[in-house]
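Down below is the structure, laid out as structure tokens.
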Amino acid sequence: MSTPEQDVLRRVGEASVLVLVSLADGPKHGYALIQDIKQFAGVELGPGTLYGALDRLERLGLIESLPASERRHPYRITAPGAAALRVHLDSLERVSAAGRLRLQLGGV
């Protein structure tokens, strides 16, 4: 049995994971991130939460900032960020499957 890759996102918080999911389909600036996350997750991040997550993800090398366009400062996911997101989503799927099985909810 192979050792699963380490889930580096396990401790960064939900906001950071939501930001990575949003950036997975292309670069976005802060307001676009807030709107996209609200649309797909039903979660409205405040500016402090969003920019805290962006700072944390950038320091970890999981996202990078792009040159500003007018007053907008876009970000994009890096290759290590996409890999970390894949590992984290796989981990969540395993936890979800175990929870569904234990609650006798069936299916994955």
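Here, A, B, ... name the chains of the structure tokens in the order displayed, residue numbers run from 1 inside each chain, and ligands are numbered from 1 in the same displayed order.
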Practice task
Looking only at strand (DSSP E) from DSSP on the backbone, list the matching residues of chain A as a list in words.
Solution key: Ile63, Glu64, Ser65, Tyr75, Arg76 and Ile77 of chain A
Write out the residues from the selection above, keeping C-alpha atoms, as a tab-separated table (two decimals), in the first residue's frame.
chain	number	residue	atom	x	y	z
A	63	ILE	CA	-0.83	30.91	-5.35
A	64	GLU	CA	0.98	33.83	-6.92
A	65	SER	CA	-0.03	37.40	-7.59
A	75	TYR	CA	-4.01	35.90	-8.29
A	76	ARG	CA	-3.53	32.49	-9.87
A	77	ILE	CA	-3.01	29.01	-8.50
Hey, could you make a per-residue contact list for segment 9-47 of chain A against segment 81-85 of chain A with 12 Å as the cut-off, showing the nearest pair of atoms and its distance in Å to one decimal, counting only C-alpha atoms, sorted by chain and number, as a Markdown table?
| residue | atom | partner | partner_atom | distance |
| --- | --- | --- | --- | --- |
| A:Leu9 | CA | A:Ala84 | CA | 6.7 |
| A:Arg10 | CA | A:Ala84 | CA | 9.7 |
| A:Val12 | CA | A:Ala84 | CA | 11.4 |
| A:Glu14 | CA | A:Leu85 | CA | 11.9 |
| A:Ser16 | CA | A:Leu85 | CA | 10.0 |
| A:Val17 | CA | A:Leu85 | CA | 7.3 |
| A:Leu18 | CA | A:Leu85 | CA | 9.8 |
| A:Val19 | CA | A:Leu85 | CA | 10.3 |
| A:Leu20 | CA | A:Leu85 | CA | 6.9 |
| A:Val21 | CA | A:Leu85 | CA | 7.5 |
| A:Ser22 | CA | A:Leu85 | CA | 10.9 |
| A:Leu23 | CA | A:Ala82 | CA | 9.2 |
| A:Ala24 | CA | A:Ala82 | CA | 7.0 |
| A:Asp25 | CA | A:Ala82 | CA | 10.4 |
| A:Gly26 | CA | A:Ala82 | CA | 11.4 |
For C-alpha atoms, I'd like the residues from the last selection saved as a PDB file, in the first residue's frame.
ATOM      1  CA  LEU A   9      -4.166  22.192   3.234  1.00  0.00           C
ATOM      2  CA  ARG A  10      -5.551  20.308   6.229  1.00  0.00           C
ATOM      3  CA  VAL A  12      -4.943  26.281   6.449  1.00  0.00           C
ATOM      4  CA  GLU A  14     -11.780  26.583   4.838  1.00  0.00           C
ATOM      5  CA  SER A  16      -7.955  29.046   1.825  1.00  0.00           C
ATOM      6  CA  VAL A  17      -9.423  25.895   0.290  1.00  0.00           C
ATOM      7  CA  LEU A  18     -12.335  27.871  -1.181  1.00  0.00           C
ATOM      8  CA  VAL A  19      -9.873  30.359  -2.703  1.00  0.00           C
ATOM      9  CA  LEU A  20      -7.875  27.539  -4.316  1.00  0.00           C
ATOM     10  CA  VAL A  21     -11.039  25.949  -5.716  1.00  0.00           C
ATOM     11  CA  SER A  22     -12.046  29.308  -7.186  1.00  0.00           C
ATOM     12  CA  LEU A  23      -8.611  29.903  -8.721  1.00  0.00           C
ATOM     13  CA  ALA A  24      -8.523  26.379 -10.185  1.00  0.00           C
ATOM     14  CA  ASP A  25     -10.414  27.592 -13.260  1.00  0.00           C
ATOM     15  CA  GLY A  26      -8.360  30.723 -13.830  1.00  0.00           C
TER      16      GLY A  26
END
Would you list the contacts of Asp7 of chain A as a PDB file with C-alpha atoms, in the first residue's frame, taking every protein, DNA or RNA residue within 10 Å and counting only C-alpha atoms, but skipping same-chain residues closer than 4 positions in sequence?
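Okay, around33.pdb is ready:
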ATOM      1  CA  ARG A  11      -4.605  23.153   8.583  1.00  0.00           C
ATOM      2  CA  ALA A  83      -1.358  19.490  -6.512  1.00  0.00           C
ATOM      3  CA  ALA A  84      -2.130  20.382  -2.879  1.00  0.00           C
ATOM      4  CA  LEU A  85      -5.778  21.006  -3.773  1.00  0.00           C
ATOM      5  CA  ARG A  86      -6.022  17.585  -5.482  1.00  0.00           C
ATOM      6  CA  VAL A  87      -4.583  15.851  -2.411  1.00  0.00           C
ATOM      7  CA  HIS A  88      -6.924  17.754  -0.090  1.00  0.00           C
ATOM      8  CA  LEU A  89     -10.012  17.005  -2.185  1.00  0.00           C
ATOM      9  CA  ASP A  90      -9.074  13.303  -2.259  1.00  0.00           C
ATOM     10  CA  SER A  91      -8.766  13.380   1.537  1.00  0.00           C
TER      11      SER A  91
END
Problem - All helix (DSSP H, G or I) residues (DSSP, backbone) inside segment 11-107 of chain A, as JSON, numbers by chain - result: {"A": [14, 15, 16, 17, 18, 19, 20, 21, 22, 23, 30, 31, 32, 33, 34, 35, 36, 37, 38, 39, 40, 41, 47, 48, 49, 50, 51, 52, 53, 54, 55, 56, 57, 58, 59, 79, 80, 81, 82, 83, 84, 85, 86, 87, 88, 89, 90, 91, 92, 93, 94, 95, 96, 97, 98, 99, 100, 101, 102]}
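Residues surrounding Gly46 of chain A within 10 Å are Ala15, Ile34, Tyr51 and Gly52 of chain A [only C-alpha atoms; sequence separation below 5 positions excluded].
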Write the residues you've just listed into a file as a short mmCIF file (atom, residue, chain, number, x, y, z; two decimals), in the first residue's frame, and include N, CA and C atoms for each of them.
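Produced file out-v2.cif, reproduced below:
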data_model
loop_
_atom_site.label_atom_id
_atom_site.label_comp_id
_atom_site.auth_asym_id
_atom_site.auth_seq_id
_atom_site.Cartn_x
_atom_site.Cartn_y
_atom_site.Cartn_z
N ALA A 15 -11.42 28.93 4.24
CA ALA A 15 -11.32 30.04 3.30
C ALA A 15 -10.21 29.80 2.28
N ILE A 34 -14.57 36.64 -4.20
CA ILE A 34 -15.70 36.70 -3.27
C ILE A 34 -16.99 36.27 -3.96
N TYR A 51 -8.35 38.24 2.28
CA TYR A 51 -6.97 38.67 2.11
C TYR A 51 -6.01 37.96 3.07
N GLY A 52 -6.52 37.52 4.22
CA GLY A 52 -5.72 36.68 5.10
C GLY A 52 -5.40 35.35 4.44
#
Practice task
Measuring atom to atom with only C-alpha atoms, identify which of A:Gly48, A:Gln104, A:Arg72, A:Gly61 is nearest to Tyr31 of chain A.
Solution key: A:Arg72
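The gap separating atom CA of Pro27 of chain A from atom CA of Pro74 of chain A is 6.1 Å, in Å to one decimal.
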